[in-house]
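Chemist: Contents are PDB, C-alpha atoms, pLDDT in the B column; file name query15.pdb:
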MODEL        1
ATOM      1  CA  MET A 852     139.844 116.809  91.548  1.00 42.00           C
ATOM      2  CA  LYS A 853     137.205 119.355  92.499  1.00 45.00           C
ATOM      3  CA  LEU A 854     134.876 118.068  95.157  1.00 41.00           C
ATOM      4  CA  SER A 855     131.973 119.747  93.413  1.00 44.00           C
ATOM      5  CA  GLN A 856     132.371 117.175  90.653  1.00 44.00           C
ATOM      6  CA  PHE A 857     131.982 114.333  93.128  1.00 41.00           C
ATOM      7  CA  ILE A 858     128.574 115.443  94.350  1.00 43.00           C
ATOM      8  CA  SER A 859     127.142 114.881  90.873  1.00 43.00           C
ATOM      9  CA  ILE A 860     126.871 111.231  91.541  1.00 40.00           C
ATOM     10  CA  ALA A 861     126.694 111.607  95.404  1.00 41.00           C
ATOM     11  CA  PHE A 862     126.128 108.218  96.879  1.00 40.00           C
ATOM     12  CA  ILE A 863     126.876 108.058 100.514  1.00 35.00           C
ATOM     13  CA  GLY A 864     126.214 106.264 103.829  1.00 32.00           C
ATOM     14  CA  ALA A 865     127.334 104.863 107.159  1.00 32.00           C
ATOM     15  CA  ALA A 866     126.721 102.211 109.762  1.00 34.00           C
ATOM     16  CA  ALA A 867     123.552 103.164 111.548  1.00 36.00           C
ATOM     17  CA  ALA A 868     122.059 102.507 114.932  1.00 36.00           C
ATOM     18  CA  ALA A 869     118.590 102.238 113.378  1.00 42.00           C
ATOM     19  CA  PRO A 870     117.817  99.521 110.815  1.00 44.00           C
ATOM     20  CA  CYS A 871     118.472 100.664 107.254  1.00 54.00           C
ATOM     21  CA  GLY A 872     117.397  97.821 105.031  1.00 59.00           C
ATOM     22  CA  PRO A 873     114.291  96.512 103.313  1.00 52.00           C
ATOM     23  CA  GLU A 874     112.722  95.891 106.724  1.00 50.00           C
ATOM     24  CA  SER A 875     112.814  99.586 107.637  1.00 69.00           C
ATOM     25  CA  ASP A 876     109.468 101.201 106.792  1.00 73.00           C
ATOM     26  CA  ASN A 877     111.001 104.674 106.927  1.00 87.00           C
ATOM     27  CA  HIS A 878     113.390 103.810 104.127  1.00 94.00           C
ATOM     28  CA  LYS A 879     111.334 101.740 101.721  1.00 95.00           C
ATOM     29  CA  TYR A 880     111.846 102.653  98.115  1.00 96.00           C
ATOM     30  CA  HIS A 881     109.254 104.964  96.560  1.00 96.00           C
ATOM     31  CA  ALA A 882     109.565 106.488  93.109  1.00 96.00           C
ATOM     32  CA  PRO A 883     109.210 110.278  93.106  1.00 97.00           C
ATOM     33  CA  LEU A 884     105.758 111.822  92.888  1.00 97.00           C
ATOM     34  CA  ARG A 885     104.781 114.423  90.302  1.00 95.00           C
ATOM     35  CA  ASP A 886     105.772 117.431  92.416  1.00 97.00           C
ATOM     36  CA  ASP A 887     108.993 115.901  93.724  1.00 98.00           C
ATOM     37  CA  VAL A 888     112.266 117.058  92.203  1.00 98.00           C
ATOM     38  CA  ARG A 889     115.355 115.080  91.371  1.00 98.00           C
ATOM     39  CA  SER A 890     118.867 115.848  90.187  1.00 95.00           C
ATOM     40  CA  PRO A 891     121.279 114.686  87.495  1.00 94.00           C
ATOM     41  CA  CYS A 892     123.054 112.812  90.309  1.00 92.00           C
ATOM     42  CA  PRO A 893     121.706 109.256  90.654  1.00 95.00           C
ATOM     43  CA  GLY A 894     123.062 108.773  94.151  1.00 93.00           C
ATOM     44  CA  LEU A 895     121.349 111.830  95.594  1.00 95.00           C
ATOM     45  CA  ASN A 896     118.132 110.701  93.938  1.00 97.00           C
ATOM     46  CA  VAL A 897     118.551 107.285  95.530  1.00 97.00           C
ATOM     47  CA  LEU A 898     118.785 108.905  98.952  1.00 97.00           C
ATOM     48  CA  SER A 899     115.540 110.810  98.369  1.00 97.00           C
ATOM     49  CA  ASN A 900     113.756 107.773  96.925  1.00 98.00           C
ATOM     50  CA  HIS A 901     114.511 105.957 100.177  1.00 97.00           C
ATOM     51  CA  GLY A 902     113.727 108.867 102.481  1.00 97.00           C
ATOM     52  CA  PHE A 903     117.264 109.458 103.727  1.00 96.00           C
ATOM     53  CA  LEU A 904     116.935 112.881 102.126  1.00 97.00           C
ATOM     54  CA  PRO A 905     113.524 114.551 101.903  1.00 97.00           C
ATOM     55  CA  ARG A 906     111.407 112.545  99.476  1.00 98.00           C
ATOM     56  CA  SER A 907     110.378 115.821  97.879  1.00 98.00           C
ATOM     57  CA  GLY A 908     114.010 116.495  97.000  1.00 98.00           C
ATOM     58  CA  LYS A 909     113.637 119.996  98.401  1.00 97.00           C
ATOM     59  CA  ASN A 910     115.249 122.150 101.106  1.00 96.00           C
ATOM     60  CA  ILE A 911     118.227 119.918 101.862  1.00 95.00           C
ATOM     61  CA  ASP A 912     120.685 121.296 104.407  1.00 95.00           C
ATOM     62  CA  LEU A 913     124.121 120.080 105.449  1.00 95.00           C
ATOM     63  CA  PRO A 914     123.064 118.230 108.641  1.00 96.00           C
ATOM     64  CA  THR A 915     120.435 116.357 106.644  1.00 96.00           C
ATOM     65  CA  LEU A 916     122.971 115.425 103.978  1.00 95.00           C
ATOM     66  CA  ARG A 917     125.451 114.291 106.614  1.00 95.00           C
ATOM     67  CA  GLN A 918     122.883 112.054 108.269  1.00 95.00           C
ATOM     68  CA  ALA A 919     121.750 110.637 104.941  1.00 95.00           C
ATOM     69  CA  VAL A 920     125.233 109.734 103.826  1.00 93.00           C
ATOM     70  CA  SER A 921     126.098 108.221 107.165  1.00 92.00           C
ATOM     71  CA  LEU A 922     122.986 106.046 107.315  1.00 93.00           C
ATOM     72  CA  ALA A 923     122.700 104.788 103.780  1.00 94.00           C
ATOM     73  CA  TYR A 924     126.173 103.840 102.486  1.00 90.00           C
ATOM     74  CA  ASN A 925     128.667 104.092 105.304  1.00 94.00           C
ATOM     75  CA  TYR A 926     130.689 107.060 104.134  1.00 95.00           C
ATOM     76  CA  HIS A 927     132.027 109.253 106.926  1.00 94.00           C
ATOM     77  CA  PRO A 928     129.321 111.876 107.605  1.00 94.00           C
ATOM     78  CA  ASN A 929     131.640 114.793 106.859  1.00 93.00           C
ATOM     79  CA  SER A 930     132.992 113.377 103.607  1.00 90.00           C
ATOM     80  CA  PHE A 931     131.010 115.718 101.379  1.00 88.00           C
ATOM     81  CA  ASP A 932     130.965 118.910 103.444  1.00 89.00           C
ATOM     82  CA  SER A 933     133.259 120.682 101.011  1.00 84.00           C
ATOM     83  CA  ALA A 934     131.198 119.559  98.025  1.00 82.00           C
ATOM     84  CA  PHE A 935     128.060 120.889  99.703  1.00 87.00           C
ATOM     85  CA  GLN A 936     129.783 124.190 100.387  1.00 85.00           C
ATOM     86  CA  GLU A 937     130.927 124.489  96.796  1.00 79.00           C
ATOM     87  CA  ALA A 938     127.328 123.976  95.627  1.00 81.00           C
ATOM     88  CA  VAL A 939     126.293 126.823  97.922  1.00 82.00           C
ATOM     89  CA  ASP A 940     129.221 128.982  96.795  1.00 84.00           C
ATOM     90  CA  PHE A 941     128.177 128.499  93.171  1.00 83.00           C
ATOM     91  CA  HIS A 942     124.849 130.135  94.114  1.00 87.00           C
ATOM     92  CA  LEU A 943     122.925 127.197  92.716  1.00 90.00           C
ATOM     93  CA  THR A 944     120.210 127.221  95.358  1.00 91.00           C
ATOM     94  CA  THR A 945     116.721 128.473  94.521  1.00 93.00           C
ATOM     95  CA  THR A 946     115.251 127.801  97.957  1.00 94.00           C
ATOM     96  CA  GLY A 947     115.617 131.364  99.259  1.00 93.00           C
ATOM     97  CA  ASN A 948     117.957 130.042 101.947  1.00 93.00           C
ATOM     98  CA  ALA A 949     121.664 130.050 101.116  1.00 89.00           C
ATOM     99  CA  SER A 950     122.290 127.047 103.383  1.00 91.00           C
ATOM    100  CA  THR A 951     119.861 124.720 101.570  1.00 94.00           C
ATOM    101  CA  PHE A 952     119.315 123.479  98.049  1.00 93.00           C
ATOM    102  CA  ASN A 953     116.782 121.535  96.001  1.00 95.00           C
ATOM    103  CA  LEU A 954     117.972 118.523  94.054  1.00 95.00           C
ATOM    104  CA  ASN A 955     117.035 120.055  90.732  1.00 94.00           C
ATOM    105  CA  ASP A 956     119.203 123.094  91.529  1.00 94.00           C
ATOM    106  CA  LEU A 957     122.157 120.889  90.601  1.00 92.00           C
ATOM    107  CA  LYS A 958     121.133 120.672  86.941  1.00 91.00           C
ATOM    108  CA  LEU A 959     122.804 123.980  86.043  1.00 88.00           C
ATOM    109  CA  HIS A 960     125.086 123.053  83.185  1.00 86.00           C
ATOM    110  CA  ASP A 961     128.843 123.078  83.690  1.00 80.00           C
ATOM    111  CA  ALA A 962     128.653 123.940  87.383  1.00 78.00           C
ATOM    112  CA  ILE A 963     128.185 120.465  88.864  1.00 77.00           C
ATOM    113  CA  GLU A 964     126.319 118.823  85.979  1.00 84.00           C
ATOM    114  CA  MET A 965     128.642 118.165  83.044  1.00 86.00           C
ATOM    115  CA  ASP A 966     128.765 116.517  79.636  1.00 91.00           C
ATOM    116  CA  GLY A 967     129.519 112.830  79.247  1.00 92.00           C
ATOM    117  CA  SER A 968     127.381 111.523  82.116  1.00 93.00           C
ATOM    118  CA  LEU A 969     126.965 107.751  82.289  1.00 95.00           C
ATOM    119  CA  SER A 970     123.182 107.990  82.575  1.00 96.00           C
ATOM    120  CA  ARG A 971     122.179 111.445  81.272  1.00 96.00           C
ATOM    121  CA  ASP A 972     122.375 112.980  77.837  1.00 96.00           C
ATOM    122  CA  ASP A 973     124.368 116.181  77.358  1.00 94.00           C
ATOM    123  CA  PHE A 974     122.809 119.580  78.007  1.00 93.00           C
ATOM    124  CA  TYR A 975     123.127 120.452  74.327  1.00 94.00           C
ATOM    125  CA  PHE A 976     120.417 117.903  73.497  1.00 95.00           C
ATOM    126  CA  GLY A 977     117.881 119.436  75.876  1.00 92.00           C
ATOM    127  CA  ASP A 978     117.687 117.404  79.081  1.00 94.00           C
ATOM    128  CA  ALA A 979     120.742 116.623  81.177  1.00 93.00           C
ATOM    129  CA  ASN A 980     118.748 116.158  84.381  1.00 95.00           C
ATOM    130  CA  HIS A 981     116.750 112.976  83.838  1.00 96.00           C
ATOM    131  CA  PHE A 982     117.793 109.386  83.269  1.00 97.00           C
ATOM    132  CA  ASP A 983     118.192 108.711  79.554  1.00 97.00           C
ATOM    133  CA  PRO A 984     117.550 105.051  78.603  1.00 97.00           C
ATOM    134  CA  GLU A 985     119.367 105.340  75.280  1.00 97.00           C
ATOM    135  CA  ILE A 986     122.520 106.802  76.807  1.00 97.00           C
ATOM    136  CA  TRP A 987     122.449 104.228  79.573  1.00 98.00           C
ATOM    137  CA  ALA A 988     121.907 101.366  77.115  1.00 97.00           C
ATOM    138  CA  GLY A 989     125.239 102.128  75.496  1.00 97.00           C
ATOM    139  CA  VAL A 990     127.021 102.323  78.844  1.00 97.00           C
ATOM    140  CA  ALA A 991     125.340  99.120  80.050  1.00 97.00           C
ATOM    141  CA  GLU A 992     126.437  97.329  76.888  1.00 97.00           C
ATOM    142  CA  ASN A 993     130.022  98.463  77.367  1.00 96.00           C
ATOM    143  CA  MET A 994     129.901  97.409  81.011  1.00 96.00           C
ATOM    144  CA  LYS A 995     128.450  94.055  79.883  1.00 95.00           C
ATOM    145  CA  LEU A 996     125.722  94.455  82.497  1.00 96.00           C
ATOM    146  CA  TYR A 997     123.371  92.030  80.761  1.00 94.00           C
ATOM    147  CA  ASP A 998     125.924  89.416  79.783  1.00 91.00           C
ATOM    148  CA  ALA A 999     125.213  86.476  82.070  1.00 81.00           C
ATOM    149  CA  GLY A1000     128.484  84.715  81.373  1.00 77.00           C
ATOM    150  CA  SER A1001     129.407  81.270  82.593  1.00 79.00           C
ATOM    151  CA  CYS A1002     131.431  81.932  85.732  1.00 86.00           C
ATOM    152  CA  GLU A1003     131.124  83.773  89.031  1.00 86.00           C
ATOM    153  CA  ARG A1004     133.350  86.613  87.857  1.00 86.00           C
ATOM    154  CA  ASP A1005     130.853  87.455  85.126  1.00 91.00           C
ATOM    155  CA  ARG A1006     128.508  88.810  87.809  1.00 95.00           C
ATOM    156  CA  PHE A1007     130.806  91.791  88.399  1.00 97.00           C
ATOM    157  CA  VAL A1008     132.026  94.977  86.765  1.00 97.00           C
ATOM    158  CA  THR A1009     135.779  95.322  87.148  1.00 97.00           C
ATOM    159  CA  ILE A1010     137.891  98.455  87.241  1.00 97.00           C
ATOM    160  CA  GLU A1011     139.025  97.776  83.682  1.00 96.00           C
ATOM    161  CA  THR A1012     135.486  97.340  82.342  1.00 96.00           C
ATOM    162  CA  ALA A1013     134.219 100.464  84.105  1.00 97.00           C
ATOM    163  CA  ALA A1014     137.163 102.551  82.897  1.00 96.00           C
ATOM    164  CA  LYS A1015     136.610 101.519  79.286  1.00 96.00           C
ATOM    165  CA  ALA A1016     132.837 102.082  79.478  1.00 96.00           C
ATOM    166  CA  ARG A1017     133.401 105.583  80.850  1.00 94.00           C
ATOM    167  CA  ALA A1018     135.948 106.435  78.190  1.00 93.00           C
ATOM    168  CA  LEU A1019     133.668 105.165  75.429  1.00 95.00           C
ATOM    169  CA  ARG A1020     130.795 107.258  76.769  1.00 95.00           C
ATOM    170  CA  VAL A1021     132.964 110.394  76.750  1.00 92.00           C
ATOM    171  CA  GLN A1022     134.237 109.499  73.294  1.00 92.00           C
ATOM    172  CA  ASP A1023     130.652 109.211  72.043  1.00 95.00           C
ATOM    173  CA  ALA A1024     129.634 112.501  73.692  1.00 93.00           C
ATOM    174  CA  MET A1025     132.553 114.317  72.108  1.00 92.00           C
ATOM    175  CA  ALA A1026     131.586 112.957  68.686  1.00 94.00           C
ATOM    176  CA  ARG A1027     127.882 113.813  68.983  1.00 95.00           C
ATOM    177  CA  ASN A1028     127.914 117.084  70.911  1.00 94.00           C
ATOM    178  CA  PRO A1029     129.436 120.077  69.082  1.00 93.00           C
ATOM    179  CA  THR A1030     129.555 122.049  72.349  1.00 90.00           C
ATOM    180  CA  PHE A1031     131.124 119.284  74.435  1.00 90.00           C
ATOM    181  CA  ASN A1032     133.181 120.803  77.233  1.00 75.00           C
ATOM    182  CA  ALA A1033     136.473 118.946  77.101  1.00 61.00           C
ATOM    183  CA  SER A1034     138.155 121.077  79.735  1.00 63.00           C
ATOM    184  CA  LYS A1035     140.880 119.654  81.920  1.00 58.00           C
ATOM    185  CA  ALA A1036     138.582 120.018  84.922  1.00 57.00           C
ATOM    186  CA  GLN A1037     135.949 117.868  83.257  1.00 62.00           C
ATOM    187  CA  MET A1038     138.435 115.269  82.174  1.00 63.00           C
ATOM    188  CA  ARG A1039     139.527 114.964  85.808  1.00 64.00           C
ATOM    189  CA  GLY A1040     135.942 114.993  87.076  1.00 68.00           C
ATOM    190  CA  SER A1041     134.615 112.344  84.724  1.00 80.00           C
ATOM    191  CA  PRO A1042     136.589 109.412  86.179  1.00 88.00           C
ATOM    192  CA  GLY A1043     135.953 110.853  89.642  1.00 88.00           C
ATOM    193  CA  THR A1044     132.198 110.530  89.329  1.00 89.00           C
ATOM    194  CA  VAL A1045     132.543 106.953  88.117  1.00 93.00           C
ATOM    195  CA  ALA A1046     134.944 106.232  90.975  1.00 94.00           C
ATOM    196  CA  LEU A1047     132.387 107.532  93.458  1.00 93.00           C
ATOM    197  CA  ALA A1048     129.730 105.189  92.080  1.00 95.00           C
ATOM    198  CA  LEU A1049     132.112 102.238  92.185  1.00 96.00           C
ATOM    199  CA  THR A1050     133.313 103.015  95.702  1.00 95.00           C
ATOM    200  CA  THR A1051     129.715 103.128  96.874  1.00 95.00           C
ATOM    201  CA  LEU A1052     128.789  99.844  95.209  1.00 96.00           C
ATOM    202  CA  TRP A1053     132.077  98.003  95.668  1.00 96.00           C
ATOM    203  CA  ASP A1054     132.233  94.411  96.832  1.00 95.00           C
ATOM    204  CA  TYR A1055     135.593  94.369  98.572  1.00 93.00           C
ATOM    205  CA  GLU A1056     135.860  90.586  98.643  1.00 93.00           C
ATOM    206  CA  ALA A1057     135.369  90.390  94.880  1.00 95.00           C
ATOM    207  CA  ASP A1058     137.297  93.620  94.237  1.00 96.00           C
ATOM    208  CA  ALA A1059     134.585  94.576  91.777  1.00 97.00           C
ATOM    209  CA  ALA A1060     131.025  95.939  91.702  1.00 97.00           C
ATOM    210  CA  PRO A1061     128.132  93.486  91.295  1.00 97.00           C
ATOM    211  CA  LYS A1062     126.259  94.098  88.057  1.00 97.00           C
ATOM    212  CA  ALA A1063     122.905  93.685  89.824  1.00 97.00           C
ATOM    213  CA  TRP A1064     123.782  96.486  92.254  1.00 97.00           C
ATOM    214  CA  ILE A1065     124.801  98.835  89.449  1.00 98.00           C
ATOM    215  CA  LYS A1066     121.593  98.137  87.514  1.00 98.00           C
ATOM    216  CA  ALA A1067     119.341  98.828  90.501  1.00 97.00           C
ATOM    217  CA  PHE A1068     121.264 101.947  91.442  1.00 97.00           C
ATOM    218  CA  PHE A1069     121.306 103.596  88.022  1.00 98.00           C
ATOM    219  CA  GLU A1070     118.174 102.239  86.354  1.00 98.00           C
ATOM    220  CA  GLU A1071     115.763 102.464  89.288  1.00 97.00           C
ATOM    221  CA  GLU A1072     117.736 104.835  91.525  1.00 98.00           C
ATOM    222  CA  ARG A1073     117.267 102.351  94.317  1.00 97.00           C
ATOM    223  CA  ILE A1074     119.576 100.927  96.991  1.00 96.00           C
ATOM    224  CA  PRO A1075     120.171  97.321  95.901  1.00 96.00           C
ATOM    225  CA  TRP A1076     119.200  95.739  99.214  1.00 95.00           C
ATOM    226  CA  LEU A1077     117.055  93.176  97.400  1.00 94.00           C
ATOM    227  CA  GLU A1078     120.115  92.190  95.381  1.00 95.00           C
ATOM    228  CA  GLY A1079     122.175  91.590  98.523  1.00 94.00           C
ATOM    229  CA  TYR A1080     123.808  94.974  99.061  1.00 94.00           C
ATOM    230  CA  LYS A1081     125.385  95.323 102.494  1.00 87.00           C
ATOM    231  CA  GLN A1082     127.236  98.320 103.879  1.00 83.00           C
ATOM    232  CA  PRO A1083     130.996  97.911 103.575  1.00 83.00           C
ATOM    233  CA  ILE A1084     133.575  99.409 105.883  1.00 88.00           C
ATOM    234  CA  GLN A1085     133.320 103.156 106.408  1.00 94.00           C
ATOM    235  CA  ARG A1086     134.862 105.167 103.604  1.00 93.00           C
ATOM    236  CA  ASN A1087     135.602 108.785 102.746  1.00 93.00           C
ATOM    237  CA  LEU A1088     136.868 110.850  99.827  1.00 90.00           C
ATOM    238  CA  SER A1089     140.333 109.355 100.173  1.00 94.00           C
ATOM    239  CA  ASP A1090     138.844 106.026  99.163  1.00 95.00           C
ATOM    240  CA  VAL A1091     137.147 107.669  96.187  1.00 93.00           C
ATOM    241  CA  GLY A1092     140.476 109.224  95.244  1.00 93.00           C
ATOM    242  CA  ALA A1093     142.174 105.830  95.386  1.00 96.00           C
ATOM    243  CA  MET A1094     139.454 104.363  93.154  1.00 96.00           C
ATOM    244  CA  THR A1095     139.925 107.257  90.733  1.00 94.00           C
ATOM    245  CA  GLU A1096     143.640 106.516  90.515  1.00 95.00           C
ATOM    246  CA  ARG A1097     142.865 102.903  89.669  1.00 96.00           C
ATOM    247  CA  LEU A1098     140.470 103.986  86.906  1.00 95.00           C
ATOM    248  CA  VAL A1099     142.913 106.463  85.424  1.00 93.00           C
ATOM    249  CA  ALA A1100     145.679 103.859  85.440  1.00 95.00           C
ATOM    250  CA  VAL A1101     143.757 101.516  83.123  1.00 95.00           C
ATOM    251  CA  ASN A1102     145.407 101.257  79.709  1.00 92.00           C
ATOM    252  CA  LEU A1103     142.893 102.509  77.132  1.00 90.00           C
ATOM    253  CA  THR A1104     145.133 102.287  74.057  1.00 83.00           C
ATOM    254  CA  GLU A1105     143.028  99.444  72.649  1.00 72.00           C
ATOM    255  CA  LEU A1106     139.757 101.304  73.165  1.00 70.00           C
ATOM    256  CA  ALA A1107     137.292 100.585  70.386  1.00 56.00           C
TER     257      ALA A1107
ENDMDL
END
Render the structure in this file as structure tokens.

Modeler:
Amino acid sequence: MKLSQFISIAFIGAAAAAPCGPESDNHKYHAPLRDDVRSPCPGLNVLSNHGFLPRSGKNIDLPTLRQAVSLAYNYHPNSFDSAFQEAVDFHLTTTGNASTFNLNDLKLHDAIEMDGSLSRDDFYFGDANHFDPEIWAGVAENMKLYDAGSCERDRFVTIETAAKARALRVQDAMARNPTFNASKAQMRGSPGTVALALTTLWDYEADAAPKAWIKAFFEEERIPWLEGYKQPIQRNLSDVGAMTERLVAVNLTELA
């Protein structure tokens, strides 16, 4: 899987010497201001909304990205070096400096941004950069995010549920979008982006992702500290790859 496809949902972090929770004034959540820019990648937006990346979303370099990913989510700092380099190699940056990029540089269609996003509409319909409530509502329904249930397990999204929700979203995009890019690269990248989100938000004791964490992350682009999020063990792209394999292995023959 191309690493450039992982950065589209880049959610990253690491154990930090400085406090990185709700008590840290430097990393309180603030929604973007009018002149701030954001990307089609919820996880990168989360990092800017908490000040791990520049809150403006502008002029992000590799050392800044490394520090952000190591402080916020306990990924190894170098995990996304290759993805960053691919973004530079694609000449996406508009900063005037080849070693930096703005978050909204990543919206170029079919470079890093691609059809079938969990939380964005397809480029064909006009705006693939911003959160789309209607698209997300369908994904949330398929993930059963708002089904309270009657047992502890109902608080979580499992591998099976996430895999089916992703496949249904792609199925819907293919039906609605006459220009949908169903390339092999995209079909590999689609489960990879979902795997990255799950790896970031995974509760390893439950072997699932808490629904409350997913809602905060996608709907508000906020680290779900208030919902009990705690940094897990340090991870890297190998862990994302393992999560991808689990997603791909889910039997979708009974998909609605």

Chemist: Could you state which residues are captured by the PyMOL selection byres ((chain A and resi 906-912) around 6) in this file, as a PyMOL selection string?

Modeler: chain A and resi 887-889+899-900+902+905+913-915+951-954

Chemist: Go ahead and write the selection's residues with C-alpha atoms as a PDB file, in the frame of the given file.

Modeler:
ATOM      1  CA  ASP A 887     108.993 115.901  93.724  1.00 98.00           C
ATOM      2  CA  VAL A 888     112.266 117.058  92.203  1.00 98.00           C
ATOM      3  CA  ARG A 889     115.355 115.080  91.371  1.00 98.00           C
ATOM      4  CA  SER A 899     115.540 110.810  98.369  1.00 97.00           C
ATOM      5  CA  ASN A 900     113.756 107.773  96.925  1.00 98.00           C
ATOM      6  CA  GLY A 902     113.727 108.867 102.481  1.00 97.00           C
ATOM      7  CA  PRO A 905     113.524 114.551 101.903  1.00 97.00           C
ATOM      8  CA  LEU A 913     124.121 120.080 105.449  1.00 95.00           C
ATOM      9  CA  PRO A 914     123.064 118.230 108.641  1.00 96.00           C
ATOM     10  CA  THR A 915     120.435 116.357 106.644  1.00 96.00           C
ATOM     11  CA  THR A 951     119.861 124.720 101.570  1.00 94.00           C
ATOM     12  CA  PHE A 952     119.315 123.479  98.049  1.00 93.00           C
ATOM     13  CA  ASN A 953     116.782 121.535  96.001  1.00 95.00           C
ATOM     14  CA  LEU A 954     117.972 118.523  94.054  1.00 95.00           C
TER      15      LEU A 954
END

Chemist: Please expand the PyMOL selection byres ((chain A and resi 956-967) around 7) into the concrete residues it hits in this file, giving the result as a PyMOL selection string.

Modeler: chain A and resi 855-856+859+890-891+943-945+952-955+968-969+973-974+980+1020-1021+1024+1031-1032

Chemist: When the PyMOL selection byres ((chain A and resi 994-1006) around 8) is applied to the structure above, which residues does it catch, written out as a list in words?

Modeler: Val990, Ala991, Glu992, Asn993, Phe1007, Val1008, Thr1012, Ala1013, Ala1016, Pro1061, Lys1062, Ala1063 and Lys1066 of chain A

Chemist: What separation in Å, quoted to one decimal, exists between CA of Leu1052 in chain A and CA of Tyr926 in chain A?

Modeler: 11.6 Å

Chemist: Just give me the gap between CA of Asp1023 in chain A and CA of Arg971 in chain A in Å, one decimal is fine.

Modeler: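 CA of Asp1023 in chain A sits 12.7 Å away from CA of Arg971 in chain A.
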